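Okay, target_21.tsv is below, TSV, C-alpha atoms:
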```
chain	number	residue	atom	x	y	z
R	11	MET	CA	64.06	91.51	103.35
R	12	GLY	CA	64.27	95.24	103.88
R	13	MET	CA	66.32	97.72	101.91
R	14	SER	CA	69.85	98.19	103.19
R	15	ASP	CA	71.89	101.39	103.17
R	16	ASP	CA	75.05	99.37	102.59
R	17	ALA	CA	76.12	99.27	98.95
R	18	PRO	CA	77.04	95.75	97.86
R	19	ASP	CA	80.70	94.98	97.24
R	20	SER	CA	81.50	95.40	93.56
R	21	LEU	CA	83.12	92.51	91.75
R	22	ILE	CA	84.24	95.05	89.13
R	23	PRO	CA	87.15	97.17	90.41
R	24	TYR	CA	85.64	100.52	89.39
R	25	ASP	CA	87.93	102.54	91.66
R	26	GLU	CA	91.08	101.05	90.09
R	27	ILE	CA	89.71	101.51	86.56
R	28	VAL	CA	88.84	105.19	87.19
R	29	GLN	CA	92.19	105.89	88.89
R	30	GLU	CA	94.01	104.33	85.92
R	31	ALA	CA	91.99	106.41	83.46
R	32	LEU	CA	92.67	109.65	85.37
R	33	ARG	CA	96.39	108.85	85.58
R	34	ALA	CA	96.28	108.46	81.79
R	35	VAL	CA	95.10	112.11	81.69
R	36	VAL	CA	98.33	113.13	83.46
R	37	GLY	CA	100.38	111.09	80.98
R	38	ARG	CA	98.62	112.58	78.00
R	39	VAL	CA	99.00	116.16	79.27
R	40	LEU	CA	102.70	115.64	80.03
R	41	GLY	CA	103.13	114.00	76.61
R	42	GLU	CA	101.70	117.13	74.95
R	43	VAL	CA	104.15	119.28	76.94
R	44	GLU	CA	107.03	116.96	75.97
R	45	SER	CA	106.13	117.44	72.29
R	46	ASN	CA	105.09	121.09	72.23
R	47	GLY	CA	106.23	122.79	75.44
R	48	LEU	CA	103.99	124.43	78.03
R	49	PRO	CA	101.33	126.61	76.36
R	50	GLY	CA	100.36	130.01	77.76
R	51	ASN	CA	100.37	130.27	81.54
R	52	HIS	CA	99.85	126.54	82.15
R	53	HIS	CA	102.08	124.99	84.80
R	54	PHE	CA	101.77	121.95	87.02
R	55	TYR	CA	102.12	121.01	90.65
R	56	ILE	CA	102.68	117.27	90.84
R	57	THR	CA	102.63	115.56	94.24
R	58	PHE	CA	103.93	112.01	94.58
R	59	LYS	CA	104.95	109.43	97.17
R	60	THR	CA	108.75	109.53	97.39
R	61	ARG	CA	109.04	105.89	98.48
R	62	SER	CA	106.64	104.33	95.98
R	63	PRO	CA	108.07	101.49	93.87
R	64	GLY	CA	109.87	102.84	90.80
R	65	VAL	CA	110.39	106.39	92.10
R	66	ASP	CA	113.97	107.42	91.34
R	67	ILE	CA	115.01	110.74	92.92
R	68	PRO	CA	118.21	111.90	94.65
R	69	ARG	CA	118.71	110.52	98.16
R	70	HIS	CA	118.79	114.00	99.76
R	71	LEU	CA	115.26	114.62	98.45
R	72	VAL	CA	113.98	111.32	99.90
R	73	GLU	CA	115.58	112.28	103.23
R	74	ARG	CA	113.99	115.72	103.15
R	75	PHE	CA	110.61	114.37	101.95
R	76	PRO	CA	110.31	110.88	103.44
R	77	ASP	CA	106.62	110.51	102.50
R	78	GLU	CA	105.52	112.88	99.77
R	79	MET	CA	106.82	115.84	97.80
R	80	THR	CA	105.43	118.32	95.28
R	81	ILE	CA	107.37	119.44	92.23
R	82	VAL	CA	106.54	122.36	89.96
R	83	LEU	CA	106.81	122.15	86.17
R	84	GLN	CA	106.78	125.73	84.98
R	85	GLN	CA	109.78	127.37	83.35
R	86	LYS	CA	112.84	125.75	84.88
R	87	PHE	CA	112.66	122.10	83.87
R	88	TRP	CA	114.36	120.12	81.12
R	89	ASP	CA	114.55	116.67	79.50
R	90	LEU	CA	110.88	115.86	80.09
R	91	LYS	CA	110.37	112.31	78.80
R	92	VAL	CA	107.00	110.58	79.11
R	93	GLU	CA	106.87	106.78	79.11
R	94	LYS	CA	104.01	104.33	79.50
R	95	THR	CA	104.53	103.90	83.26
R	96	GLY	CA	105.77	107.35	84.29
R	97	PHE	CA	107.88	110.35	83.38
R	98	SER	CA	111.37	111.68	83.93
R	99	VAL	CA	112.35	115.31	84.21
R	100	GLY	CA	115.28	117.50	85.14
R	101	LEU	CA	114.72	120.10	87.87
R	102	SER	CA	116.94	122.19	90.07
R	103	PHE	CA	116.65	122.38	93.86
R	104	ASN	CA	118.50	125.35	95.37
R	105	ARG	CA	120.35	125.66	92.04
R	106	VAL	CA	121.49	122.02	92.16
R	107	PRO	CA	120.31	120.09	89.10
R	108	ALA	CA	118.57	116.76	89.69
R	109	HIS	CA	117.01	114.07	87.50
R	110	LEU	CA	113.77	112.48	88.70
R	111	PHE	CA	111.75	109.50	87.48
R	112	ILE	CA	108.17	109.47	88.77
R	113	PRO	CA	105.84	106.55	88.02
R	114	PHE	CA	102.24	107.60	87.37
R	115	SER	CA	101.21	105.10	90.07
R	116	SER	CA	103.08	107.17	92.72
R	117	ILE	CA	101.26	110.46	91.93
R	118	THR	CA	98.75	111.63	94.55
R	119	ALA	CA	97.86	115.02	93.02
R	120	PHE	CA	98.16	116.85	89.70
R	121	VAL	CA	97.16	120.53	89.60
R	122	ASP	CA	97.27	123.18	86.88
R	123	PRO	CA	96.62	126.40	88.85
R	124	ALA	CA	96.43	128.49	85.65
R	125	VAL	CA	93.00	127.01	84.94
R	126	ASP	CA	92.03	125.72	88.42
R	127	PHE	CA	92.25	122.11	87.24
R	128	GLY	CA	93.25	119.34	89.59
R	129	LEU	CA	93.15	115.59	90.10
R	130	GLN	CA	93.74	113.69	93.33
R	131	PHE	CA	94.62	110.01	93.47
R	132	GLN	CA	94.80	107.19	95.97
R	133	VAL	CA	98.13	105.37	95.86
R	134	SER	CA	97.92	101.60	96.39
R	135	GLY	CA	98.48	100.75	100.00
R	136	ASP	CA	97.71	104.39	100.78
R	137	THR	CA	96.60	105.26	104.25
R	138	PRO	CA	94.49	108.34	105.00
R	139	PRO	CA	95.90	111.61	103.63
R	140	PRO	CA	99.42	112.30	104.93
R	141	GLU	CA	100.38	115.19	107.13
R	142	PRO	CA	100.80	118.44	105.17
R	143	HIS	CA	104.36	118.82	103.92
R	144	GLU	CA	106.38	121.77	102.81
R	145	ALA	CA	106.65	122.30	99.06
R	146	ALA	CA	109.78	120.89	97.46
R	147	GLU	CA	110.85	124.41	96.51
R	148	ASN	CA	112.32	123.42	93.19
R	149	ASP	CA	113.30	126.67	91.51
R	150	HIS	CA	110.24	128.38	90.00
R	151	PRO	CA	108.51	131.76	89.96
R	152	GLY	CA	105.73	132.15	92.53
R	153	GLY	CA	102.13	131.31	91.80
R	154	ASP	CA	99.02	130.73	93.79
R	155	GLY	CA	96.05	128.48	93.05
R	156	ASP	CA	93.16	127.98	95.41
R	157	GLY	CA	92.59	124.38	94.33
R	158	SER	CA	89.00	124.85	93.21
R	159	ASN	CA	87.79	122.40	90.57
R	160	VAL	CA	89.85	119.60	92.10
R	161	VAL	CA	88.47	116.20	91.18
R	162	SER	CA	88.86	113.79	94.09
R	163	VAL	CA	88.00	110.17	93.51
R	164	ASP	CA	87.55	108.09	96.64
R	165	PHE	CA	85.61	104.87	96.53
R	166	GLY	CA	85.86	104.24	100.26
R	167	LYS	CA	83.01	102.31	101.87
R	168	ARG	CA	80.13	104.41	103.05
R	169	LYS	CA	78.89	103.51	106.50
```
I'd like the structure from this file rewritten - as structure tokens, please.
Amino acid sequence: MGMSDDAPDSLIPYDEIVQEALRAVVGRVLGEVESNGLPGNHHFYITFKTRSPGVDIPRHLVERFPDEMTIVLQQKFWDLKVEKTGFSVGLSFNRVPAHLFIPFSSITAFVDPAVDFGLQFQVSGDTPPPEPHEAAENDHPGGDGDGSNVVSVDFGKRK
């Protein structure tokens, strides 16, 4: 038998375990912010699937962002509550307040541009990356991150 380039199928679901651990990072960071507020210049861009199970956002946002949307947690947010499975937060969109519940399992990206930190996730049942979408434009001051230091975990089969 010769050596094969194909990696054997793992009976241990490493990809799921790593995704779960990285989502726990998001929960822990948001938990710190819930307790102590945002330190320094830290702020977050959180992208999530708007139709994932458990997502609870106003209907007009689902209609505007039928696949995915990105929210910004910077200065204008309130009532951040972190739970085991996700978080809820108040944000305003064009000066209209809204309450959102976002399960950690629906998050596809978490970025802190202040320190060029980012995580990208696969969502179960996810197809290849979606078409680019416009930012949700919840009310926030401008900011620009180049996305360096983004950790992307993809355990797709190598051919």
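Proximity to Ile117 (chain R) was assessed for R:Gly37, R:Gly47, R:Pro68, R:Gly100 counting all atoms listed in the file; the smallest distance is recorded for R:Gly37.
Note that the spacing between CA of Val43 (chain R) and CA of Ala124 (chain R) amounts to 14.8 Å.
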Exercise for the section: Please tell me which residues are no farther than 7 Å from (105.1, 120.1, 90.9) in the file, counting only C-alpha atoms, and write them as a ChimeraX atom specification. Expected result: /R:54-57,80-83
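Checking R:Gln132, R:Asp122, R:Glu44, R:Leu71 one by one against Phe103 (chain R), counting all atoms listed in the file, you find the shortest gap at R:Leu71.
Using only C-alpha atoms, the protein and nucleic acid residues lying at most 12 Å from the point (104.3, 113.9, 73.3) are Val36, Gly37, Arg38, Val39, Leu40, Gly41, Glu42, Val43, Glu44, Ser45, Asn46, Gly47, Leu48, Leu90, Lys91, Val92, Glu93, Lys94 and Phe97 of chain R.
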